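One file, work_22.cif, carrying mmCIF, C-alpha atoms and all ligand atoms:
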data_start
loop_
_atom_site.label_atom_id
_atom_site.label_comp_id
_atom_site.auth_asym_id
_atom_site.auth_seq_id
_atom_site.Cartn_x
_atom_site.Cartn_y
_atom_site.Cartn_z
CA MET A 93 67.46 70.85 150.22
CA ASN A 94 64.14 70.84 148.47
CA ILE A 95 62.13 74.03 148.17
CA THR A 96 58.79 74.16 146.42
CA VAL A 97 57.21 77.50 145.53
CA GLU A 98 53.77 77.87 144.02
CA LEU A 99 52.40 81.10 142.61
CA ASP A 100 48.59 80.90 142.49
CA GLY A 101 48.77 77.12 142.15
CA ARG A 102 51.58 77.01 139.53
CA ARG A 103 54.90 75.49 140.61
CA LEU A 104 58.04 77.47 139.89
CA ASP A 105 61.06 75.79 138.27
CA LEU A 106 63.54 77.45 140.65
CA ALA A 107 66.47 75.38 139.34
CA ASN A 108 66.11 77.07 135.97
CA MET A 109 65.94 80.77 136.80
CA LEU A 110 66.94 82.88 133.81
CA GLU A 111 68.84 86.08 134.44
CA ILE A 112 67.58 88.95 132.27
CA SER A 113 69.68 91.80 133.63
CA LEU A 114 73.01 93.41 132.78
CA PRO A 115 75.65 94.10 135.42
CA ILE A 116 77.37 97.43 135.96
CA ASP A 117 80.71 96.59 134.40
CA PHE A 118 83.62 98.68 135.67
CA SER A 119 85.87 97.37 132.90
CA MET A 120 83.57 98.98 130.35
CA SER A 121 85.50 101.71 128.57
CA LYS A 122 82.83 103.40 126.50
CA GLU A 123 79.64 105.36 126.66
CA ARG A 124 76.58 103.23 127.46
CA ALA A 125 73.68 105.71 127.32
CA TRP A 126 72.62 109.26 128.16
CA TYR A 127 75.99 110.75 127.11
CA ILE A 128 77.79 110.37 130.43
CA GLY A 129 80.64 107.91 129.81
CA PRO A 130 81.36 104.65 131.67
CA PRO A 131 81.06 103.91 135.42
CA ARG A 132 84.22 104.59 137.49
CA ARG A 133 85.96 102.61 140.23
CA GLU A 134 88.86 104.40 141.91
CA PRO A 135 90.92 103.34 144.94
CA VAL A 136 90.75 105.62 147.98
CA ARG A 137 94.05 107.44 148.60
CA LEU A 138 94.79 108.71 152.14
CA GLY A 139 98.25 110.22 152.27
CA ASP A 140 100.67 107.39 151.27
CA TRP A 141 98.01 104.73 151.72
CA VAL A 142 96.15 103.38 148.71
CA GLY A 143 93.04 101.18 148.75
CA SER A 144 94.32 98.86 146.03
CA THR A 145 96.19 95.58 146.59
CA ARG A 146 97.70 95.89 143.11
CA GLU A 147 99.30 99.15 144.15
CA GLY A 148 100.60 97.69 147.45
CA GLY A 149 97.61 98.46 149.69
CA SER A 150 96.37 96.00 152.34
CA VAL A 151 92.82 95.92 151.01
CA ASN A 152 90.83 96.93 147.99
CA PHE A 153 88.78 99.98 149.00
CA TYR A 154 87.20 101.72 146.03
CA ASN A 155 84.97 104.68 145.46
CA LEU A 156 82.39 103.86 142.80
CA THR A 157 80.78 106.40 140.51
CA ILE A 158 77.72 104.95 138.85
CA ASN A 159 74.53 106.21 137.31
CA PRO A 160 71.70 103.69 137.67
CA HIS A 161 69.85 105.00 134.58
CA ALA A 162 72.87 104.90 132.32
CA HIS A 163 75.10 102.01 133.35
CA GLY A 164 73.04 98.86 133.54
CA THR A 165 69.76 97.23 134.47
CA HIS A 166 67.82 99.33 136.97
CA ILE A 167 64.36 99.81 138.45
CA GLU A 168 62.84 103.23 139.05
CA THR A 169 59.90 104.73 140.90
CA ALA A 170 57.69 107.68 139.92
CA GLY A 171 60.33 109.74 141.75
CA HIS A 172 62.20 109.69 138.42
CA ILE A 173 59.77 112.23 136.98
CA ASP A 174 58.22 114.03 139.96
CA HIS A 175 59.16 115.41 143.36
CA THR A 176 57.97 112.38 145.30
CA TYR A 177 60.21 111.81 148.28
CA THR A 178 61.73 108.56 147.22
CA VAL A 179 62.49 105.82 149.62
CA SER A 180 64.33 102.93 148.06
CA PRO A 181 62.51 101.53 145.04
CA SER A 182 61.12 98.45 146.70
CA VAL A 183 59.55 95.40 145.17
CA GLY A 184 57.98 94.05 148.36
CA LEU A 185 57.14 90.61 146.98
CA LEU A 186 59.50 87.76 146.12
CA PHE A 187 57.67 86.67 142.97
CA PHE A 188 55.33 88.32 140.48
CA LYS A 189 53.18 86.90 137.70
CA ALA A 190 54.92 88.08 134.54
CA PHE A 191 54.59 87.84 130.78
CA LEU A 192 57.46 88.07 128.27
CA TYR A 193 56.56 89.64 124.92
CA THR A 194 58.81 90.36 121.92
CA ALA A 195 57.96 93.61 120.12
CA SER A 196 59.24 95.31 117.02
CA ALA A 197 58.94 98.90 115.90
CA GLY A 198 57.73 100.40 112.65
CA GLU A 199 59.21 103.42 110.95
CA SER A 200 57.98 105.83 113.65
CA GLY A 201 59.98 103.94 116.30
CA ALA A 202 56.80 103.07 118.24
CA LEU A 203 56.72 99.44 119.38
CA SER A 204 53.76 97.40 118.21
CA PHE A 205 51.77 95.62 120.92
CA SER A 206 49.16 94.32 118.48
CA GLU A 207 50.04 90.67 119.16
CA LEU A 208 50.33 91.25 122.89
CA TRP A 209 46.75 92.27 123.66
CA PRO A 210 45.07 89.04 122.50
CA SER A 211 47.66 86.81 124.20
CA ILE A 212 48.30 88.41 127.59
CA PRO A 213 46.70 86.60 130.57
CA SER A 214 44.32 88.74 132.65
CA ASP A 215 46.10 88.27 136.00
CA VAL A 216 49.56 89.47 134.91
CA GLN A 217 51.36 91.90 137.27
CA ALA A 218 54.58 92.46 135.34
CA ILE A 219 55.35 92.76 131.64
CA VAL A 220 58.81 92.21 130.13
CA ILE A 221 59.32 93.71 126.67
CA ARG A 222 62.10 92.24 124.51
CA THR A 223 62.66 94.40 121.44
CA LEU A 224 63.85 93.33 118.01
CA PRO A 225 66.53 93.15 116.75
CA ASN A 226 67.86 91.20 119.74
CA THR A 227 71.43 90.50 118.72
CA HIS A 228 73.97 89.74 121.44
CA ASP A 229 75.74 93.09 120.96
CA LYS A 230 72.78 94.60 122.79
CA ALA A 231 74.46 93.52 126.02
CA HIS A 232 77.39 95.90 125.33
CA LYS A 233 75.97 98.43 122.90
CA SER A 234 76.38 102.19 123.30
CA TYR A 235 72.92 103.72 122.91
CA SER A 236 73.61 107.47 122.98
CA ASN A 237 72.25 109.14 119.82
CA THR A 238 70.86 105.85 118.41
CA HIS A 239 67.17 106.73 118.97
CA PRO A 240 65.94 103.30 120.03
CA PRO A 241 62.27 102.26 119.75
CA TYR A 242 59.81 103.36 122.44
CA ILE A 243 56.43 102.50 123.96
CA MET A 244 53.42 104.62 123.01
CA ALA A 245 51.72 106.43 125.90
CA ALA A 246 48.40 104.77 125.00
CA ASP A 247 49.98 101.31 125.32
CA ALA A 248 51.56 102.22 128.67
CA GLU A 249 48.11 103.35 129.85
CA ARG A 250 46.50 100.11 128.68
CA LEU A 251 49.13 98.06 130.55
CA ALA A 252 48.46 100.03 133.75
CA ARG A 253 44.68 99.70 133.36
CA LYS A 254 45.11 95.91 133.06
CA GLY A 255 46.60 95.93 136.55
CA ILE A 256 50.24 95.69 135.49
CA PHE A 257 52.45 97.56 137.97
CA ILE A 258 55.91 96.45 136.78
CA LEU A 259 56.94 97.49 133.25
CA LEU A 260 60.32 96.18 132.07
CA ILE A 261 62.12 96.76 128.78
CA ASP A 262 65.51 95.90 127.29
CA LEU A 263 66.25 99.48 126.14
CA PRO A 264 67.62 102.49 128.07
CA SER A 265 64.12 103.98 128.20
CA VAL A 266 60.46 103.19 127.58
CA ASP A 267 60.30 106.66 125.96
CA PRO A 268 62.11 108.19 122.98
CA GLU A 269 65.72 109.21 123.57
CA ARG A 270 64.87 112.85 122.89
CA ASP A 271 61.35 114.10 123.60
CA ASN A 272 61.98 117.46 125.30
CA GLY A 273 61.23 115.97 128.67
CA ALA A 274 57.79 114.61 127.76
CA LEU A 275 58.49 111.04 128.99
CA ALA A 276 54.94 110.26 127.91
CA ALA A 277 55.01 106.50 128.47
CA HIS A 278 56.60 106.85 131.93
CA ARG A 279 53.95 109.41 132.95
CA SER A 280 51.07 107.49 131.43
CA PHE A 281 52.07 104.20 133.13
CA TRP A 282 52.37 105.80 136.57
CA GLU A 283 49.29 108.03 136.18
CA HIS A 284 46.94 105.20 135.19
CA GLN A 285 47.82 102.71 137.90
CA LEU A 286 44.74 101.10 139.43
CA PRO A 287 43.90 102.56 142.85
CA HIS A 288 44.13 99.15 144.51
CA SER A 289 47.51 98.26 142.96
CA PRO A 290 49.26 96.11 145.59
CA LYS A 291 52.66 97.81 145.29
CA PRO A 292 54.03 101.14 144.04
CA ALA A 293 54.51 100.82 140.30
CA LEU A 294 58.01 100.37 138.92
CA ILE A 295 59.62 100.77 135.53
CA GLY A 296 62.77 98.79 134.79
CA GLU A 297 65.09 99.47 131.86
CA PHE A 298 68.28 98.23 130.21
CA LEU A 299 67.50 94.52 130.58
CA TYR A 300 68.88 91.85 128.29
CA ILE A 301 66.72 88.85 127.44
CA PRO A 302 68.56 86.14 125.47
CA HIS A 303 66.77 85.11 122.27
CA THR A 304 66.62 81.50 123.51
CA VAL A 305 63.95 82.41 126.09
CA PRO A 306 60.48 81.94 124.56
CA ASP A 307 57.71 84.52 124.96
CA GLY A 308 54.96 83.66 127.42
CA PRO A 309 54.13 83.49 131.14
CA TYR A 310 56.84 83.30 133.84
CA ALA A 311 57.32 84.21 137.46
CA LEU A 312 59.52 87.28 137.93
CA HIS A 313 62.05 87.87 140.73
CA ILE A 314 63.83 91.20 141.29
CA GLN A 315 66.82 91.86 143.54
CA HIS A 316 68.17 95.34 144.27
CA PRO A 317 70.18 97.28 146.83
CA ALA A 318 68.40 99.58 149.31
CA MET A 319 69.24 103.14 148.26
CA ASN A 320 67.02 106.14 148.90
CA THR A 321 66.84 107.58 145.44
CA ASP A 322 64.64 107.38 142.35
CA ALA A 323 66.41 104.48 140.64
CA VAL A 324 68.60 101.61 141.78
CA PRO A 325 70.57 98.94 139.94
CA ALA A 326 68.70 95.63 139.75
CA ARG A 327 69.23 91.97 139.08
CA ILE A 328 66.16 90.45 137.45
CA PHE A 329 65.18 86.83 136.79
CA LEU A 330 62.44 85.05 134.88
CA ILE A 331 61.46 81.73 136.41
CA PRO A 332 59.70 79.18 134.19
CA TYR A 333 56.65 77.34 135.53
CA LEU A 334 57.04 73.58 135.89
N1 LIG A 401 63.94 111.84 126.68
C1 LIG A 401 64.21 112.77 127.76
C2 LIG A 401 65.44 112.39 128.58
C3 LIG A 401 65.26 111.07 129.27
O1 LIG A 401 64.30 110.38 129.03
C4 LIG A 401 66.29 110.65 130.22
C5 LIG A 401 67.39 111.44 130.43
C6 LIG A 401 68.38 111.04 131.33
C7 LIG A 401 68.25 109.84 132.00
C8 LIG A 401 67.15 109.02 131.77
C9 LIG A 401 66.15 109.44 130.87
N2 LIG A 401 65.05 108.65 130.65
C10 LIG A 401 64.98 107.39 131.15
O2 LIG A 401 64.08 106.64 131.04
C11 LIG A 401 64.41 114.16 127.18
O3 LIG A 401 64.57 114.30 125.97
O4 LIG A 401 64.38 115.10 127.95
#

Represent the structure of the file as structure tokens.
Amino acid sequence: MNITVELDGRRLDLANMLEISLPIDFSMSKERAWYIGPPRREPVRLGDWVGSTREGGSVNFYNLTINPHAHGTHIETAGHIDHTYTVSPSVGLLFFKAFLYTASAGESGALSFSELWPSIPSDVQAIVIRTLPNTHDKAHKSYSNTHPPYIMAADAERLARKGIFILLIDLPSVDPERDNGALAAHRSFWEHQLPHSPKPALIGEFLYIPHTVPDGPYALHIQHPAMNTDAVPARIFLIPYL
């Protein structure tokens, strides 16, 4: 089978899609973020019957307890911070024009975008922020009480005003861990979306972008389950251009 996809005249290297998301791992035994402990996976028990083949049941039939914000890569709508009736966060398009940028934070914890602004192409729809340090332990790290870096509200506004409607980062939040509910970057990004934005804006958090992937332009592909709530787990890929 031979499939060719072009995004505004640029061919996508579909054979070399790069996954940049983290799964929800039910074998994880420790806190991941937001102080709530690991995800849980428990067999259904109905009288003598158990939904676990290991325990003698005919099938595996588990109840899952997950929190999309705390347990892995997820995408969220503005319903995360307001009373919007949330249908499933929905991406609507198969591919977006994306840009991967590596940012580091100064002493304040604010990420610097100073090298991003001169290099970002004008037609970008999605930005992927990889933060430094980017050691492999990031894929398993427990973030509660670590106060990771964050995006400044003014930078989130500038991204939105450039027409970017998908903002992705490899940390549990685009905002500081503790800000008394301000969530300034979340609010600023959603508030300053252009009126003709083609899709409802999304923020995605808790990604993992291997250090081997160079900064620059890519196509972006997002997969997610349909769940009517503010945030859903997501599988996210960067696709190089040929
Ligand atoms: N920083 C917020 C909390 C917060 O941002 C948050 C809390 C629980 C789950 C997700 C959160 N933010 C995610 O982007 C606060 O201090 O109230």

Q) Which protein, DNA or RNA residues have an atom within 12 Å of ligand LIG 401 (chain A), counting only C-alpha atoms and all ligand atoms, as a PyMOL selection string? A) chain A and resi 124-128+159-173+235-237+239-243+259-279+294-298+322-323

**Q.** 12 Å contact set for Ile212 of chain A, all atoms listed in the file, chain neighbours under 2 positions out, as a ChimeraX atom specification
**A.** /A:189-193,205-210,214-220,250-251,254-256,307-310

May I have the residues from that selection written out with C-alpha atoms, as an mmCIF file, keeping the file's coordinate frame?
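Now in part-v1.cif:
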data_model
loop_
_atom_site.group_PDB
_atom_site.id
_atom_site.type_symbol
_atom_site.label_atom_id
_atom_site.label_comp_id
_atom_site.auth_asym_id
_atom_site.auth_seq_id
_atom_site.Cartn_x
_atom_site.Cartn_y
_atom_site.Cartn_z
ATOM 1 C CA LYS A 189 53.180 86.900 137.700
ATOM 2 C CA ALA A 190 54.920 88.080 134.540
ATOM 3 C CA PHE A 191 54.590 87.840 130.780
ATOM 4 C CA LEU A 192 57.460 88.070 128.270
ATOM 5 C CA TYR A 193 56.560 89.640 124.920
ATOM 6 C CA PHE A 205 51.770 95.620 120.920
ATOM 7 C CA SER A 206 49.160 94.320 118.480
ATOM 8 C CA GLU A 207 50.040 90.670 119.160
ATOM 9 C CA LEU A 208 50.330 91.250 122.890
ATOM 10 C CA TRP A 209 46.750 92.270 123.660
ATOM 11 C CA PRO A 210 45.070 89.040 122.500
ATOM 12 C CA SER A 214 44.320 88.740 132.650
ATOM 13 C CA ASP A 215 46.100 88.270 136.000
ATOM 14 C CA VAL A 216 49.560 89.470 134.910
ATOM 15 C CA GLN A 217 51.360 91.900 137.270
ATOM 16 C CA ALA A 218 54.580 92.460 135.340
ATOM 17 C CA ILE A 219 55.350 92.760 131.640
ATOM 18 C CA VAL A 220 58.810 92.210 130.130
ATOM 19 C CA ARG A 250 46.500 100.110 128.680
ATOM 20 C CA LEU A 251 49.130 98.060 130.550
ATOM 21 C CA LYS A 254 45.110 95.910 133.060
ATOM 22 C CA GLY A 255 46.600 95.930 136.550
ATOM 23 C CA ILE A 256 50.240 95.690 135.490
ATOM 24 C CA ASP A 307 57.710 84.520 124.960
ATOM 25 C CA GLY A 308 54.960 83.660 127.420
ATOM 26 C CA PRO A 309 54.130 83.490 131.140
ATOM 27 C CA TYR A 310 56.840 83.300 133.840
#

Q | Length of the atom CA of Asn152 of chain A to atom CA of Pro131 of chain A vector [Å] | A | 17.4 Å

Q. When you draw a straight line from atom CA of Ser200 of chain A to atom CA of Tyr300 of chain A, how long is it in Å?
A.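 About the pair atom CA of Ser200 of chain A and atom CA of Tyr300 of chain A: they are 23.0 Å apart.
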